[in-house]
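Student: Input: one structure, supplied below.
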Amino acid sequence: MPTSPELRLRQVASDLDEAFVLRLAPLFADFALPLWRQRQTCVRGVQTALVERIEEADSDGSLLLAENDEGARVGFLSLGLTRDYFSGQRQAHLNELAVAPEYQRQGMGRALLRHAEHWAAARGCRALTLNVFPGNEAARRLYASAGYQLDMLRLARPL
């Protein structure tokens with residue numbers, strides 16, 4: 001069994017960090033999207049959300065940059081706190097998780113996901129939720145292999 005990569009997570013702290021995070025935004029639309037979704041619109045939306053998260057970064061560590069043991073930036077994750085609609089219990093939501101293409105398929109995504117789970121548990125959350133496009137098969141495989149299951153379906157109809 002492969003060993004888990006050692007990652008150091010920290011707040012985004014420089015313009016270089018911000019540029020790295022924004023460079024990964026196209027990964028969130030690099031697969032078959034629903035027919036009414038335009039790739040560039042999705043990428044711009046992710047970039048806008050990431051800039052807002054960077055500007056609103058707090059000491060709670062909700063937007064974290066991941067570095068390997070050599071200090072190279074390998075990915076990031078963004079988390080938020082919410083409440084379950086039905087039970088009202090505190091839960092965390094994984095807004096974004098990305099691994100730079102040159103570090104993919106090396107266990108980095110799984111390591112980031114484990115960190116997100118620890119982050120949520122440390123804050124008393126009962127669950128970690130996330131959204132994923134149906135066409136993002138690589139992410140869906142990662143989440144399924146980590147034990148994530150379908151909870152609710154979000155349906156849409158363009159008007």
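Convention: chains lettered A, B, ... in structure tokens order; per-chain residue numbering from 1; ligands numbered from 1 as shown.
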For range 122-137 of chain A, find every residue with an atom within 10 Å (counting only C-alpha atoms), except residues of its own chain fewer than 2 positions away, and show them as a short mmCIF file (atom, residue, chain, number, x, y, z; two decimals) with N, CA and C atoms, in the first residue's frame.
Tutor:
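And here's selection_15.cif as it stands now:
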data_model
loop_
_atom_site.label_atom_id
_atom_site.label_comp_id
_atom_site.auth_asym_id
_atom_site.auth_seq_id
_atom_site.Cartn_x
_atom_site.Cartn_y
_atom_site.Cartn_z
N LEU A 27 -9.40 23.61 -13.27
CA LEU A 27 -9.60 22.20 -12.95
C LEU A 27 -11.04 21.91 -12.55
N PHE A 28 -11.75 22.92 -12.07
CA PHE A 28 -13.11 22.74 -11.60
C PHE A 28 -14.12 22.67 -12.75
N ALA A 29 -13.64 22.76 -13.99
CA ALA A 29 -14.52 22.65 -15.15
C ALA A 29 -13.82 21.90 -16.28
N ASP A 30 -12.89 21.04 -15.94
CA ASP A 30 -12.09 20.32 -16.93
C ASP A 30 -12.63 18.90 -17.14
N PHE A 31 -13.91 18.79 -17.45
CA PHE A 31 -14.59 17.52 -17.65
C PHE A 31 -15.93 17.85 -18.29
N ALA A 32 -16.72 16.85 -18.58
CA ALA A 32 -18.02 17.07 -19.21
C ALA A 32 -18.96 17.78 -18.24
N LEU A 33 -19.36 18.98 -18.62
CA LEU A 33 -20.28 19.77 -17.80
C LEU A 33 -21.71 19.56 -18.28
N PRO A 34 -22.70 19.86 -17.45
CA PRO A 34 -24.08 19.85 -17.94
C PRO A 34 -24.19 20.77 -19.16
N ASP A 60 -9.29 30.83 11.22
CA ASP A 60 -9.87 29.50 11.39
C ASP A 60 -9.34 28.51 10.36
N LEU A 79 -12.85 25.34 3.05
CA LEU A 79 -13.90 24.76 3.88
C LEU A 79 -14.76 25.84 4.51
N GLY A 80 -15.97 25.47 4.84
CA GLY A 80 -16.87 26.37 5.54
C GLY A 80 -17.71 25.58 6.53
N LEU A 81 -18.27 26.30 7.50
CA LEU A 81 -19.14 25.69 8.50
C LEU A 81 -20.59 25.97 8.14
N THR A 82 -21.44 24.96 8.28
CA THR A 82 -22.86 25.09 7.98
C THR A 82 -23.65 24.30 9.03
N ARG A 83 -24.94 24.22 8.82
CA ARG A 83 -25.81 23.40 9.66
C ARG A 83 -26.62 22.48 8.75
N ASP A 84 -26.83 21.26 9.20
CA ASP A 84 -27.66 20.34 8.44
C ASP A 84 -29.08 20.89 8.39
N GLN A 89 -27.70 20.05 13.05
CA GLN A 89 -26.38 19.77 13.58
C GLN A 89 -25.30 20.49 12.77
N ARG A 90 -24.26 20.86 13.46
CA ARG A 90 -23.14 21.54 12.83
C ARG A 90 -22.45 20.58 11.86
N GLN A 91 -22.14 21.09 10.68
CA GLN A 91 -21.38 20.31 9.71
C GLN A 91 -20.44 21.23 8.95
N ALA A 92 -19.52 20.64 8.26
CA ALA A 92 -18.58 21.39 7.43
C ALA A 92 -18.90 21.12 5.97
N HIS A 93 -18.54 22.07 5.14
CA HIS A 93 -18.72 21.90 3.70
C HIS A 93 -17.39 22.14 3.01
N LEU A 94 -17.01 21.20 2.17
CA LEU A 94 -15.79 21.32 1.38
C LEU A 94 -16.14 22.11 0.12
N ASN A 95 -15.76 23.38 0.11
CA ASN A 95 -16.07 24.24 -1.03
C ASN A 95 -15.26 23.86 -2.26
N GLU A 96 -13.96 23.77 -2.09
CA GLU A 96 -13.06 23.41 -3.18
C GLU A 96 -11.91 22.57 -2.64
N LEU A 97 -11.47 21.65 -3.47
CA LEU A 97 -10.26 20.88 -3.23
C LEU A 97 -9.60 20.71 -4.59
N LEU A 113 -8.22 15.55 1.51
CA LEU A 113 -9.55 15.17 1.98
C LEU A 113 -9.49 14.75 3.46
N ALA A 116 -9.29 17.80 5.52
CA ALA A 116 -10.60 18.45 5.61
C ALA A 116 -11.46 17.76 6.67
N GLU A 117 -11.41 16.44 6.72
CA GLU A 117 -12.19 15.70 7.71
C GLU A 117 -11.71 16.00 9.12
N HIS A 118 -10.40 16.08 9.32
CA HIS A 118 -9.85 16.42 10.64
C HIS A 118 -10.24 17.85 11.03
N TRP A 119 -10.17 18.77 10.07
CA TRP A 119 -10.57 20.16 10.30
C TRP A 119 -12.01 20.20 10.79
N ALA A 120 -12.90 19.47 10.11
CA ALA A 120 -14.31 19.45 10.47
C ALA A 120 -14.52 18.82 11.85
N ALA A 139 -12.90 13.02 -9.43
CA ALA A 139 -13.26 13.46 -8.08
C ALA A 139 -14.28 12.52 -7.47
N ARG A 140 -15.25 12.08 -8.26
CA ARG A 140 -16.27 11.18 -7.74
C ARG A 140 -15.66 9.86 -7.28
N ARG A 141 -14.66 9.37 -8.02
CA ARG A 141 -13.97 8.13 -7.60
C ARG A 141 -13.23 8.35 -6.28
N LEU A 142 -12.54 9.49 -6.17
CA LEU A 142 -11.82 9.80 -4.93
C LEU A 142 -12.79 9.82 -3.75
N TYR A 143 -13.88 10.55 -3.90
CA TYR A 143 -14.83 10.67 -2.79
C TYR A 143 -15.48 9.33 -2.46
N TYR A 148 -17.55 8.51 0.87
CA TYR A 148 -18.62 9.49 0.68
C TYR A 148 -19.74 8.84 -0.12
N GLN A 149 -20.97 9.14 0.30
CA GLN A 149 -22.14 8.56 -0.33
C GLN A 149 -23.11 9.66 -0.76
N LEU A 150 -23.92 9.34 -1.72
CA LEU A 150 -24.94 10.26 -2.19
C LEU A 150 -25.90 10.56 -1.04
N ASP A 151 -26.16 11.85 -0.81
CA ASP A 151 -27.06 12.28 0.25
C ASP A 151 -28.32 12.90 -0.35
N MET A 152 -28.13 13.84 -1.24
CA MET A 152 -29.26 14.49 -1.91
C MET A 152 -28.85 14.78 -3.35
N LEU A 153 -29.81 14.88 -4.23
CA LEU A 153 -29.53 15.26 -5.61
C LEU A 153 -30.01 16.69 -5.83
N ARG A 154 -29.20 17.47 -6.49
CA ARG A 154 -29.60 18.82 -6.87
C ARG A 154 -29.96 18.76 -8.35
#
Student: So that I can check the surroundings of Val46 in chain A, please list as a list in words every protein, DNA and RNA residue that reaches within 9 Å of it, counting only C-alpha atoms and ignoring chain neighbours fewer than 3 positions away.
Tutor: Leu22, Ala25, Pro26, Phe28, Thr41, Cys42, Val43, Ala49, Leu50, Val51 and Glu96 of chain A
Student: Quick one: residues within 10 Å of Arg73 in chain A, only C-alpha atoms counted, chain neighbours fewer than 5 positions away excluded, as number ranges by chain?
Tutor: A: 7-9, 16-17, 20-21, 65-68, 99-100, 103
Student: Please determine, counting only C-alpha atoms, which residue among A:Gln11, A:Ala144, A:Leu35, A:Ala121 has the shortest atom-to-atom distance to Ser78 in chain A.
Tutor: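 Using only C-alpha atoms, the shortest distance to Ser78 in chain A belongs to A:Gln11.
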Student: Hey, can you check how far CA of Ser62 in chain A sits from CA of His115 in chain A?
Tutor: 11.4 Å
Student: Hey, can you check how far CA of Ile54 in chain A sits from CA of Gln38 in chain A?
Tutor: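 Separation of CA of Ile54 in chain A and CA of Gln38 in chain A: 24.5 Å.
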Student: To one decimal in Å, tell me the separation between CA of Gln104 in chain A and CA of Ser145 in chain A.
Tutor: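 So the answer is 15.8 Å.
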